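All remarks here apply to the structure that follows.
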Amino acid sequence: MCCPRRRSMKPSGCHQSKFPRAAVQGGEALSGTLYLVATPIGNLEDITFRAVRMLKEADLIACEDTRQTRKLLDHYEIAKPTISYYEHNEIERSLELIAKLQGGATIALVSDAGMPLVSDPGYRLVRAAIDHGIRVEAIPGASALLTALAASGMATDSFHFGGFLPVKSGQRLKVLETLGEEPATLIFYEAPHRILDTLAAIEETLGDRPVVVARELTKVHEEFCAAPREKFV
């Protein structure tokens with residue numbers, strides 16, 4: 001993430017969602033609801049009581065990687081059926097899950113870590129659920145981008161989240177160039193093997209501005225590295 005300067009921001013107003021909301025009655029979720037459940041980004045204790053309860057009450061848990069989610073479910077002794085839902089099967093799987101939801105099932109959607117849909121699959125399912133009048137409820141929790149931002153020492157009053165930058169260097173440079181005049185803190189996700197190339201691209205396009213790299217968040221080897229005071233070598 002990088003930030004050239006601070007800028008105060010005032011809210012421009014609020015609006016009430018027109019989408020159906022999920023209902024909870026007597027501490028139990030009603031059927032026919034899609035729950036978007038945030039999961040830990042590292043430390044398995046970083047999950048809310050509500051999230052654990054919803055995973056226990058769901059009829060089915062849709063996972064980005066069932067093997068990864070099983071570690072979390074086993075930790076909290078949750079014995080619920082799971083089904084894979086990832087980038088290469090989400091169109092087909094969304095149709096299947098919508099049918100189950102229309103039949104009255106309660107489904108929890110999770111990603112490998114953090115909030116579903118944030119640089120992870122799930123948008124097609126949520127969009128389809130809303131279009132079919134199915135209740136959609138987000139269960140908040142851990143977020144890698146917010147965790148990194150809060151502890152980075154960078155300005156937090158305004159930020160731009162760019163997800164993953166393009167893999168190809170030329171496309172990556174073009175995206176960064178469009179953000180040259182952006183005054184907010186810029187936040188990106190990046191794979192470890194591309195981090196040095198991305199830092200070089202940031203320096204080339206955005207110049208000498210503060211940069212912080214965060215890795216292994218909430219884990220034993222959590223680390224924040226700041227530049228230009230430190231060199232990423």
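By convention in this document, the chains of the structure tokens carry letters A, B, ... by their order, each chain's residues are numbered from 1, and ligands are numbered from 1 in the order they are shown.
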Checklist line | Filtered DSSP result for stretch 25-72 of chain A, state strand (DSSP E), as a ChimeraX atom specification | finding: /A:25,28-29,33-37,60-63
Check: Which polymer residues have any atom within 12 Å of an atom of stretch 179-187 of chain A, counting only C-alpha atoms, with same-chain residues fewer than 5 positions away left out, as an NGL selection string?
Finding: :A and (1-9 or 144-150 or 152-165 or 172-174 or 202-214)
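Of the residues listed (A:Val175, A:Leu34, A:Ile83, A:Leu109), A:Leu109 shows the shortest atom-to-atom separation from A:Pro121; distances use only C-alpha atoms.
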